[in-house]
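Below is the file data.cif, which contains mmCIF, C-alpha atoms.
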data_my_file
#
loop_
_atom_site.label_atom_id
_atom_site.label_comp_id
_atom_site.auth_asym_id
_atom_site.auth_seq_id
_atom_site.Cartn_x
_atom_site.Cartn_y
_atom_site.Cartn_z
CA MET A 18 118.48 136.27 149.36
CA ILE A 19 118.42 133.44 146.83
CA GLU A 20 114.62 133.43 146.77
CA ASP A 21 114.58 137.22 146.27
CA ALA A 22 117.01 136.95 143.33
CA MET A 23 114.95 134.22 141.70
CA SER A 24 111.76 136.20 142.24
CA ASN A 25 113.27 139.28 140.58
CA ARG A 26 114.45 137.18 137.64
CA ASP A 27 110.98 135.66 137.21
CA ARG A 28 109.40 139.11 137.09
CA SER A 29 111.77 140.15 134.32
CA THR A 30 111.11 137.07 132.19
CA PRO A 31 108.30 137.56 129.67
CA LEU A 32 106.17 134.73 128.32
CA ARG A 33 106.00 134.36 124.56
CA VAL A 34 102.39 133.71 123.51
CA LEU A 35 101.88 132.14 120.08
CA SER A 36 98.34 132.24 118.73
CA ARG A 37 96.72 129.95 116.20
CA SER A 38 97.33 132.50 113.46
CA ASP A 39 100.98 132.92 114.52
CA LEU A 40 101.52 129.18 114.02
CA ALA A 41 99.26 128.56 111.03
CA ASP A 42 101.93 129.02 108.34
CA VAL A 43 105.16 128.36 110.24
CA PRO A 44 107.16 126.29 107.75
CA ILE A 45 107.90 122.74 108.83
CA SER A 46 108.16 119.73 106.53
CA PRO A 47 106.36 116.41 107.11
CA GLY A 48 109.77 114.75 107.32
CA ASP A 49 110.83 117.09 110.12
CA VAL A 50 107.62 116.36 112.03
CA VAL A 51 108.07 112.60 111.65
CA ARG A 52 111.66 112.83 112.89
CA ALA A 53 110.64 114.92 115.92
CA VAL A 54 107.92 112.45 116.85
CA GLU A 55 110.23 109.45 116.42
CA GLU A 56 112.87 111.05 118.64
CA ALA A 57 110.22 111.59 121.33
CA TYR A 58 109.25 107.92 121.27
CA LEU A 59 112.86 106.74 121.33
CA ALA A 60 113.64 108.98 124.31
CA LEU A 61 110.64 107.54 126.14
CA ALA A 62 111.68 103.97 125.34
CA ALA A 63 115.19 104.71 126.61
CA GLY A 64 113.85 105.99 129.91
CA GLU A 65 115.05 109.54 129.23
CA SER A 66 111.58 111.12 129.24
CA ASP A 67 108.45 111.05 131.39
CA ASN A 68 104.87 110.74 130.17
CA PRO A 69 102.55 110.29 133.19
CA ARG A 70 98.86 109.45 132.86
CA LYS A 71 96.66 112.40 131.96
CA LEU A 72 94.05 113.79 134.32
CA SER A 73 90.47 114.41 133.27
CA VAL A 74 87.26 115.90 134.62
CA ALA A 75 83.86 115.79 132.97
CA ASN A 76 80.51 117.45 133.50
CA PRO A 77 78.13 114.77 134.85
CA ASP A 78 75.55 115.74 132.22
CA GLY A 79 78.06 115.27 129.42
CA TRP A 80 78.28 118.94 128.53
CA SER A 81 82.04 119.18 128.79
CA VAL A 82 85.28 117.30 129.31
CA ALA A 83 88.73 118.64 130.20
CA TYR A 84 92.19 117.07 130.24
CA ALA A 85 95.56 118.04 131.71
CA MET A 86 98.78 116.38 130.54
CA LEU A 87 102.34 116.81 131.76
CA GLY A 88 105.47 115.63 129.97
CA ARG A 89 109.25 115.90 130.14
CA ASP A 90 111.31 115.42 126.99
CA GLY A 91 114.74 114.34 128.20
CA ARG A 92 116.46 114.79 124.84
CA ARG A 93 115.08 118.22 124.03
CA ARG A 94 115.37 119.17 127.72
CA VAL A 95 111.86 120.58 127.66
CA VAL A 96 109.06 120.28 130.19
CA ALA A 97 105.53 121.00 129.02
CA MET A 98 101.94 121.13 130.21
CA LYS A 99 99.06 120.63 127.81
CA THR A 100 95.42 121.32 128.56
CA SER A 101 92.28 120.76 126.53
CA TYR A 102 88.65 121.67 127.14
CA LYS A 103 85.67 120.63 125.03
CA PHE A 104 82.21 122.07 125.56
CA ASP A 105 79.60 120.22 123.54
CA PRO A 106 76.12 120.37 125.08
CA GLY A 107 74.21 119.91 121.84
CA HIS A 108 76.59 117.46 120.16
CA ASP A 109 76.62 119.55 117.01
CA ARG A 110 79.00 122.03 115.40
CA SER A 111 76.88 125.07 116.24
CA THR A 112 77.40 124.70 119.99
CA LYS A 113 80.70 122.83 120.20
CA ARG A 114 83.69 124.69 121.65
CA TYR A 115 87.18 123.23 121.87
CA TYR A 116 90.30 124.88 123.26
CA THR A 117 93.73 123.32 123.67
CA THR A 118 97.02 124.91 124.71
CA ILE A 119 100.53 123.81 125.56
CA THR A 120 103.15 125.66 127.63
CA LEU A 121 106.84 124.86 127.18
CA TYR A 122 109.70 125.40 129.63
CA ASP A 123 113.44 125.08 129.02
CA ASP A 124 114.65 122.47 131.52
CA THR A 125 118.28 123.59 131.20
CA THR A 126 117.78 127.28 132.06
CA GLY A 127 114.42 127.22 133.81
CA ALA A 128 113.05 129.85 131.44
CA PRO A 129 109.62 129.66 129.83
CA ILE A 130 109.77 129.10 126.08
CA ALA A 131 106.21 129.75 124.97
CA MET A 132 102.53 129.27 125.63
CA MET A 133 100.82 128.32 122.40
CA ASP A 134 97.64 127.17 120.76
CA CYS A 135 97.82 123.43 120.18
CA ALA A 136 95.53 122.99 117.16
CA ARG A 137 98.28 122.75 114.56
CA VAL A 138 100.42 120.65 116.87
CA GLY A 139 97.74 117.96 116.97
CA ALA A 140 97.04 118.29 113.27
CA LEU A 141 100.70 117.46 112.52
CA ARG A 142 101.54 115.09 115.35
CA THR A 143 98.83 112.52 114.72
CA PRO A 144 99.56 111.87 111.02
CA ALA A 145 103.28 111.68 111.82
CA VAL A 146 102.53 108.97 114.38
CA SER A 147 100.45 107.11 111.81
CA ALA A 148 103.32 107.34 109.35
CA LEU A 149 105.68 105.70 111.83
CA LEU A 150 103.13 103.03 112.73
CA VAL A 151 102.73 102.15 109.07
CA ARG A 152 106.50 102.14 108.48
CA GLU A 153 106.95 99.60 111.25
CA THR A 154 103.97 97.36 110.42
CA VAL A 155 103.59 97.44 106.64
CA ARG A 156 104.32 94.23 104.75
CA ARG A 157 107.17 93.88 102.28
CA GLY A 158 106.29 95.04 98.79
CA ALA A 159 103.36 97.20 99.93
CA GLU A 160 102.41 99.91 97.43
CA SER A 161 98.79 100.96 97.99
CA VAL A 162 96.97 102.96 100.65
CA LEU A 163 93.31 103.84 101.19
CA LEU A 164 92.57 106.99 103.18
CA ILE A 165 89.09 107.21 104.70
CA GLY A 166 88.03 110.71 105.74
CA THR A 167 88.88 114.23 104.61
CA GLY A 168 88.80 116.23 107.85
CA THR A 169 91.84 117.76 109.51
CA GLN A 170 93.56 114.42 110.01
CA GLY A 171 92.70 113.19 106.53
CA ARG A 172 94.08 116.32 104.94
CA ASN A 173 97.43 115.92 106.65
CA ALA A 174 97.70 112.13 106.47
CA LEU A 175 99.24 111.45 103.08
CA PRO A 176 102.20 113.91 103.09
CA HIS A 177 103.38 112.52 106.43
CA LEU A 178 102.70 108.93 105.39
CA LEU A 179 104.82 109.33 102.26
CA ALA A 180 107.62 111.07 104.18
CA ALA A 181 108.14 107.82 106.09
CA ASN A 182 106.88 105.38 103.43
CA PRO A 183 107.94 106.64 99.99
CA GLN A 184 107.31 103.20 98.45
CA LEU A 185 103.53 103.72 98.69
CA ARG A 186 102.66 104.75 95.14
CA LYS A 187 98.98 103.94 94.71
CA LEU A 188 97.06 106.50 96.74
CA MET A 189 93.29 106.27 97.18
CA VAL A 190 90.88 108.42 99.19
CA TYR A 191 87.25 108.03 100.11
CA GLY A 192 85.23 110.98 101.35
CA THR A 193 81.79 112.51 101.01
CA HIS A 194 82.65 116.21 101.21
CA PRO A 195 83.88 117.81 97.94
CA ASP A 196 85.73 120.57 99.80
CA GLY A 197 87.50 117.99 101.94
CA LEU A 198 88.51 115.91 98.95
CA ALA A 199 89.87 119.02 97.24
CA ALA A 200 91.84 119.93 100.39
CA VAL A 201 93.38 116.45 100.58
CA ARG A 202 94.49 116.74 96.97
CA GLU A 203 95.83 120.28 97.39
CA ASN A 204 97.82 119.48 100.54
CA LEU A 205 99.31 116.40 98.92
CA ALA A 206 100.34 118.46 95.89
CA VAL A 207 102.19 120.96 98.09
CA HIS A 208 104.48 118.26 99.48
CA GLN A 209 104.36 115.59 96.77
CA PRO A 210 103.60 117.42 93.49
CA HIS A 211 104.05 114.31 91.36
CA ALA A 212 101.88 111.99 93.45
CA LEU A 213 98.67 110.71 91.90
CA LEU A 214 95.52 110.44 94.00
CA GLU A 215 92.44 108.43 93.07
CA VAL A 216 89.05 109.26 94.57
CA VAL A 217 87.16 106.00 95.11
CA GLU A 218 83.38 105.59 95.31
CA ASP A 219 83.33 102.21 97.07
CA PRO A 220 85.54 102.05 100.18
CA VAL A 221 84.85 98.35 100.75
CA ALA A 222 86.03 97.41 97.26
CA ALA A 223 89.05 99.69 97.56
CA ALA A 224 90.01 98.24 100.95
CA GLY A 225 90.11 94.77 99.44
CA GLY A 226 93.08 95.83 97.32
CA ALA A 227 94.83 98.17 99.77
CA ASP A 228 98.02 97.31 101.63
CA VAL A 229 97.33 100.11 104.10
CA VAL A 230 94.03 101.56 105.34
CA LEU A 231 94.08 104.85 107.25
CA ALA A 232 90.73 105.42 108.99
CA THR A 233 90.59 109.11 109.89
CA ALA A 234 86.88 109.83 109.38
CA GLY A 235 84.69 111.63 111.87
CA PRO A 236 82.01 110.01 114.06
CA GLY A 237 79.30 110.69 111.48
CA THR A 238 80.81 108.41 108.85
CA GLU A 239 78.79 105.49 107.53
CA VAL A 240 81.97 103.54 106.73
CA ALA A 241 82.88 100.73 109.11
CA LEU A 242 85.18 98.26 107.38
CA GLU A 243 84.93 94.73 108.74
CA ALA A 244 87.79 92.25 109.10
CA ASP A 245 86.71 90.45 105.92
CA ASP A 246 86.91 93.71 103.95
CA LEU A 247 90.64 94.04 104.62
CA ALA A 248 93.23 92.44 102.36
CA PRO A 249 95.51 89.65 103.62
CA GLY A 250 98.75 91.16 104.91
CA SER A 251 97.24 94.62 105.25
CA THR A 252 97.81 97.21 107.95
CA ALA A 253 94.70 99.04 109.20
CA VAL A 254 95.30 102.17 111.27
CA LEU A 255 92.47 103.61 113.36
CA VAL A 256 92.84 107.33 114.00
CA GLY A 257 89.20 108.36 114.13
CA TYR A 258 86.41 106.25 112.67
CA GLY A 259 86.02 103.95 109.67
CA LEU A 260 86.85 100.49 111.05
CA ALA A 261 84.43 98.06 112.70
CA PRO A 262 85.34 96.21 115.94
CA SER A 263 85.89 93.00 113.98
CA ALA A 264 88.95 94.60 112.35
CA LEU A 265 90.51 94.59 115.81
CA VAL A 266 88.99 91.41 117.21
CA ARG A 267 90.07 89.25 114.29
CA ALA A 268 93.44 90.85 113.57
CA ASP A 269 96.49 88.62 113.62
CA ARG A 270 98.35 91.25 115.59
CA VAL A 271 97.42 94.45 117.46
CA ILE A 272 99.81 97.39 117.72
CA ALA A 273 99.22 100.62 119.63
CA THR A 274 101.08 103.77 120.53
CA SER A 275 100.02 103.08 124.12
CA ALA A 276 98.12 100.09 125.47
CA GLU A 277 96.99 102.18 128.43
CA GLN A 278 95.54 104.88 126.18
CA MET A 279 93.82 102.31 124.00
CA ALA A 280 92.20 100.78 127.07
CA LEU A 281 90.82 104.20 128.00
CA THR A 282 89.69 105.54 124.63
CA GLY A 283 89.18 102.44 122.48
CA THR A 284 86.29 100.85 124.34
CA ASP A 285 83.99 101.25 121.33
CA MET A 286 86.16 98.66 119.55
CA ALA A 287 85.43 95.89 122.08
CA GLY A 288 84.26 92.53 120.77
CA PRO A 289 80.79 90.98 121.08
CA ASP A 290 81.72 89.81 124.57
CA GLY A 291 82.45 93.39 125.62
CA VAL A 292 86.16 92.69 126.01
CA LEU A 293 88.77 94.87 124.31
CA ARG A 294 91.47 92.86 122.57
CA ALA A 295 94.89 93.09 124.22
CA VAL A 296 97.80 94.93 122.57
CA ASP A 297 100.68 92.79 121.32
CA ALA A 298 103.29 95.57 121.07
CA GLU A 299 103.63 99.31 121.60
CA LEU A 300 105.29 101.75 119.19
CA PRO A 301 108.07 103.03 121.51
CA ARG A 302 109.34 99.50 122.10
CA ILE A 303 109.03 98.66 118.40
CA LEU A 304 111.04 101.72 117.39
CA SER A 305 113.74 100.85 119.92
CA ARG A 306 113.80 97.27 118.57
CA ARG A 307 112.66 95.81 121.86
CA ALA A 308 109.45 94.43 120.36
CA VAL A 309 108.39 93.01 117.01
CA ALA A 310 105.58 94.57 115.01
CA ARG A 311 104.99 92.21 112.07
CA ARG A 312 105.95 88.54 112.04
CA GLY A 313 104.84 87.57 108.54
CA ASP A 314 103.68 89.14 105.28
CA ASP A 315 100.24 87.50 105.47
CA GLU A 316 99.33 88.88 108.87
CA LYS A 317 96.50 91.39 109.13
CA ILE A 318 97.63 94.03 111.57
CA PHE A 319 95.33 96.40 113.43
CA VAL A 320 96.93 99.61 114.67
CA TYR A 321 95.49 102.02 117.23
CA ASN A 322 96.85 105.56 117.08
CA SER A 323 96.29 107.43 120.35
CA GLY A 324 98.21 110.45 121.51
CA LEU A 325 101.05 110.71 123.99
CA VAL A 326 101.80 114.20 125.25
CA LEU A 327 105.52 113.71 124.54
CA THR A 328 104.79 113.78 120.83
CA ASP A 329 102.88 117.05 121.32
CA VAL A 330 105.89 118.41 123.21
CA ALA A 331 108.26 117.52 120.38
CA VAL A 332 106.14 119.05 117.63
CA ALA A 333 105.21 122.09 119.71
CA HIS A 334 108.87 122.76 120.49
CA ALA A 335 109.85 122.46 116.83
CA LEU A 336 107.09 124.90 115.84
CA ALA A 337 107.91 127.30 118.68
CA GLU A 338 111.58 127.43 117.74
CA ARG A 339 110.70 128.35 114.17
CA ALA A 340 108.03 130.86 115.15
CA ILE A 341 110.24 132.62 117.69
CA ALA A 342 113.12 132.78 115.20
CA GLU A 343 110.78 134.64 112.86
CA GLY A 344 109.75 137.05 115.62
CA ARG A 345 106.18 135.79 115.82
CA GLY A 346 103.92 136.03 118.82
CA VAL A 347 103.60 138.49 121.68
CA GLU A 348 105.75 138.72 124.80
CA VAL A 349 103.56 139.07 127.87
CA PRO A 350 105.13 140.21 131.18
CA LEU A 351 103.03 137.66 133.04
CA TRP A 352 105.22 137.65 136.14
CA ASP A 353 105.90 141.37 136.21
#

Do you think you could lay out the structure here as structure tokens?
Amino acid sequence: MIEDAMSNRDRSTPLRVLSRSDLADVPISPGDVVRAVEEAYLALAAGESDNPRKLSVANPDGWSVAYAMLGRDGRRRVVAMKTSYKFDPGHDRSTKRYYTTITLYDDTTGAPIAMMDCARVGALRTPAVSALLVRETVRRGAESVLLIGTGTQGRNALPHLLAANPQLRKLMVYGTHPDGLAAVRENLAVHQPHALLEVVEDPVAAAGGADVVLATAGPGTEVALEADDLAPGSTAVLVGYGLAPSALVRADRVIATSAEQMALTGTDMAGPDGVLRAVDAELPRILSRRAVARRGDDEKIFVYNSGLVLTDVAVAHALAERAIAEGRGVEVPLWD
């Protein structure tokens, strides 16, 4: 009888599906995203949430790779499953296909919340993580930042960075695509209309005077800043490409969102001996004041930003709440 009742309830519960276009212009401020991500890390550090290792399968010929990630946010009381699939046989934009989704469930009622495209979630989550990493590792008196790259991550980097680090006043960007540079400027103006942004021609020279370097470039970049290019006391954050392995090998301190993730995805940053430098502290423990990020203003700190599904859960839930409140998406009677 109980199973029959639950089965009938499931059939009457529709699934809200939120497409990429449904989510594209859902209003959410960089500050709100940063707060959601920080809460996710604090819940994990407190043992209230679960973030198990992701599963992956890959085509033996390198044509495709797929991931599945499961997470439980104990503070939001949300369970989620994220999947991603990349098909890239020719290693160029004409053949590349990439799909990522996340499905959210209410862990207090057992009801599904939404199944949604995850593109905007990732575009917001990653720069929010970088913003927190910089906030915890930047030296006292820091004012300048150099952004390398103008792709999706580069375009979202500065508004989130300034939401958590308003003291950064000298903003520099290096990029080779005029449209990308214009998009970085336009997105910054939306959130920080009075901020000034300088386009630099020489990233090495600019890095020598930057307190913070955000390397968000794509794999085709020719920029690879070495340890000697970075200023004393600087924080260098690797999100995509733009930093050479020496920036990690010779850093005074290494910080990561997850040492396990860095060991899996950061192998291209190994030293000449083929060994990847160990992580000194992870962001969740730093945020919960169980670990120290910076020990002195002269330290060069290397930071590795890799994703944890719990941060996707937090941002996805915040977006879903707003989208559903506005009546967006389609209800699908999946279990009917």

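Using only C-alpha atoms, the shortest contact distance between Leu336 in chain A and any of A:Gln278, A:Ser36, A:Thr169, A:Ser251 is found at A:Ser36.
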
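Matched in the shown structure by the PyMOL selection byres ((chain A and resi 97) around 9): Met86, Leu87, Gly88, Arg89, Asp90, Val95, Val96, Met98, Lys99, Ile119, Thr120, Leu121, Tyr122, Asp123, Val326, Leu327 and Val330 of chain A.
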
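The coordinates place CA of Ser38 in chain A at 23.5 Å from CA of Leu175 in chain A.
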
For this session: Just say which residues the PyMOL selection byres ((chain A and resi 180) around 12) picks in this file, as an NGL selection string.
Result: :A and (46-52 or 144-149 or 151-152 or 173-179 or 181-185 or 205 or 208-209)

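One distance worth recording is that between CA of Ala83 in chain A and CA of Ser101 in chain A, which is 5.5 Å.
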
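Taking CA of Gly171 in chain A and CA of Ala234 in chain A as endpoints, the distance between them is 7.3 Å.
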
Take the PyMOL selection byres ((chain A and resi 32) around 12), run it mentally on this structure, and tell me the resulting residues as a CSV table (one decimal) with C-alpha atoms, in the coordinates of the input.
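Contents of selection_22.csv, as written:
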chain,number,residue,atom,x,y,z
A,27,ASP,CA,111.0,135.7,137.2
A,28,ARG,CA,109.4,139.1,137.1
A,29,SER,CA,111.8,140.2,134.3
A,30,THR,CA,111.1,137.1,132.2
A,31,PRO,CA,108.3,137.6,129.7
A,33,ARG,CA,106.0,134.4,124.6
A,34,VAL,CA,102.4,133.7,123.5
A,35,LEU,CA,101.9,132.1,120.1
A,120,THR,CA,103.2,125.7,127.6
A,121,LEU,CA,106.8,124.9,127.2
A,122,TYR,CA,109.7,125.4,129.6
A,128,ALA,CA,113.0,129.8,131.4
A,129,PRO,CA,109.6,129.7,129.8
A,130,ILE,CA,109.8,129.1,126.1
A,131,ALA,CA,106.2,129.8,125.0
A,132,MET,CA,102.5,129.3,125.6
A,133,MET,CA,100.8,128.3,122.4
A,341,ILE,CA,110.2,132.6,117.7
A,346,GLY,CA,103.9,136.0,118.8
A,347,VAL,CA,103.6,138.5,121.7
A,348,GLU,CA,105.8,138.7,124.8
A,349,VAL,CA,103.6,139.1,127.9
A,350,PRO,CA,105.1,140.2,131.2
A,351,LEU,CA,103.0,137.7,133.0
A,352,TRP,CA,105.2,137.6,136.1
A,353,ASP,CA,105.9,141.4,136.2

Which centre and edge lengths in Å to one decimal define the box along x, y and z that fits every listed atom of range 332-339 of chain A plus 3 Å per side, as lines of an AutoDock Vina configuration file?
center_x = 108.4
center_y = 123.7
center_z = 117.3
size_x = 12.4
size_y = 15.3
size_z = 12.3

Problem set entry | Non-local contacts of Gly283 in chain A (10 Å; all atoms listed in the file; under 5 positions in same chain excluded) as a ChimeraX atom specification | /A:255,262,276-278,293-294,321-323
